[in-house]
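A short write-up of the structure that comes next.
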Amino acid sequence: MKPLLVLLISFVIAIFVVKFIYKHYDFALSARIAMSIMLCFTAMGHFVYTKGMSMMIPEWIPFKTSFVHLTGLFEILLAVGLLIPKLKVISGWTLIIFLLLMLPANIYAAIHQVDYQKATFEGNGLSYLWFRIPLQVLFIVWAYMSSIRMP
């Protein structure tokens with residue numbers, strides 16, 4: 001829920017900041033700025049909630065802590081890439097692929113009731129997916145519309 005709020009609030013603020021700076025509305029740029037802010041916000045979680053996020057990864061995958069940190073760094077790189085005009089399309093496609101690849105971790109976490117913030121197995125369970133999967137679809141559509149479809 002927090003990433004969605006960060007995305008939407010950042011988008012509204014970015015619309016007005018972009019209008020003030022460039023003297024016209026640029027919704028695609030505002031959307032990329034908002035997505036970048038949201039990605040930096042979620043990347044922080046990879047470093048603050050490393051133990052809990054490691055629990056979202058199946059047992060058979062090695063180096064979980066390193067994987068969590070690397071994906072956090074990757075989110076920061078994608079956030080920067082979305083803001084660089086020459087990199088926005090490749091960053092958008094990479095973000096879409098990244099979001100698709102991270103969905104199984106969210107499904108695994110829901111099945112095993114992982115609460116990544118508390119690092120326990122007392123999370124919301126499968127009901128979490130009723131929110132998370134549509135949210136993931138929204139992020140994918142947002143990335144496509146702001147960085148690939150709208151030049």
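By order of appearance in the structure tokens: chains A, B, ..., then residues from 1 within every chain, and ligands from 1 in the order shown.
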Checklist entry - Near Phe131 (chain A), counting only C-alpha atoms, which residues have an atom at most 12 Å away, once you skip same-chain residues fewer than 3 positions from it, shown as number ranges by chain? => result A: 1, 4, 106-107, 110, 124-128, 134-138
Checklist entry - Do you know which residues are at most 12 Å from Leu7 (chain A) counting only C-alpha atoms, after dropping those on the same chain fewer than 5 positions away, and could you put them as a VMD selection string? => result chain A and resid 1 to 2 12 to 14 30 to 42 135 138 to 139 142 to 143
Item to check | Residues within 8 Å of Ile148 (chain A), only C-alpha atoms, excluding chain neighbours under 5 positions, as a ChimeraX atom specification | outcome: /A:88-89,92-93,143
Atoms kept (all heavy atoms) for selection, written as a PDB file, in the first residue's frame:
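The result, written out as result05.pdb:
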ATOM      1  N   LYS A  88      15.387   5.820 -21.080  1.00  0.00           N
ATOM      2  CA  LYS A  88      14.049   5.593 -20.530  1.00  0.00           C
ATOM      3  C   LYS A  88      13.344   4.390 -21.141  1.00  0.00           C
ATOM      4  O   LYS A  88      12.673   3.650 -20.429  1.00  0.00           O
ATOM      5  CB  LYS A  88      13.183   6.843 -20.642  1.00  0.00           C
ATOM      6  CG  LYS A  88      12.775   7.193 -22.033  1.00  0.00           C
ATOM      7  CD  LYS A  88      11.914   8.432 -22.061  1.00  0.00           C
ATOM      8  CE  LYS A  88      11.572   8.762 -23.502  1.00  0.00           C
ATOM      9  NZ  LYS A  88      10.794   9.969 -23.605  1.00  0.00           N
ATOM     10  N   VAL A  89      13.505   4.140 -22.431  1.00  0.00           N
ATOM     11  CA  VAL A  89      12.815   3.006 -23.062  1.00  0.00           C
ATOM     12  C   VAL A  89      13.413   1.687 -22.588  1.00  0.00           C
ATOM     13  O   VAL A  89      12.677   0.790 -22.161  1.00  0.00           O
ATOM     14  CB  VAL A  89      12.844   3.120 -24.600  1.00  0.00           C
ATOM     15  CG1 VAL A  89      12.277   1.859 -25.250  1.00  0.00           C
ATOM     16  CG2 VAL A  89      12.054   4.346 -25.057  1.00  0.00           C
ATOM     17  N   GLY A  92      12.498   1.209 -19.062  1.00  0.00           N
ATOM     18  CA  GLY A  92      11.091   0.815 -18.948  1.00  0.00           C
ATOM     19  C   GLY A  92      10.895  -0.669 -19.215  1.00  0.00           C
ATOM     20  O   GLY A  92      10.215  -1.363 -18.448  1.00  0.00           O
ATOM     21  N   TRP A  93      11.494  -1.166 -20.294  1.00  0.00           N
ATOM     22  CA  TRP A  93      11.377  -2.601 -20.607  1.00  0.00           C
ATOM     23  C   TRP A  93      12.044  -3.454 -19.528  1.00  0.00           C
ATOM     24  O   TRP A  93      11.513  -4.492 -19.127  1.00  0.00           O
ATOM     25  CB  TRP A  93      11.986  -2.915 -21.966  1.00  0.00           C
ATOM     26  CG  TRP A  93      11.077  -2.590 -23.108  1.00  0.00           C
ATOM     27  CD1 TRP A  93      11.298  -1.685 -24.092  1.00  0.00           C
ATOM     28  CD2 TRP A  93       9.787  -3.170 -23.389  1.00  0.00           C
ATOM     29  NE1 TRP A  93      10.222  -1.659 -24.957  1.00  0.00           N
ATOM     30  CE2 TRP A  93       9.284  -2.557 -24.551  1.00  0.00           C
ATOM     31  CE3 TRP A  93       9.005  -4.137 -22.758  1.00  0.00           C
ATOM     32  CZ2 TRP A  93       8.052  -2.887 -25.104  1.00  0.00           C
ATOM     33  CZ3 TRP A  93       7.771  -4.465 -23.305  1.00  0.00           C
ATOM     34  CH2 TRP A  93       7.306  -3.845 -24.466  1.00  0.00           C
ATOM     35  N   ALA A 143       4.827   1.736 -16.094  1.00  0.00           N
ATOM     36  CA  ALA A 143       6.154   1.767 -16.706  1.00  0.00           C
ATOM     37  C   ALA A 143       6.040   1.793 -18.232  1.00  0.00           C
ATOM     38  O   ALA A 143       6.742   2.552 -18.902  1.00  0.00           O
ATOM     39  CB  ALA A 143       6.981   0.550 -16.265  1.00  0.00           C
TER      40      ALA A 143
END
Checklist entry - How many Å lie between CA of Tyr108 (chain A) and CA of Met56 (chain A), rounded to one decimal? => result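 Between CA of Tyr108 (chain A) and CA of Met56 (chain A) the gap is 6.3 Å.
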Item to check | Phe63 (chain A) surroundings by only C-alpha atoms, 10 Å radius, close-in-sequence under 5 positions cut, as a PyMOL selection string | outcome: chain A and resi 54+57+68
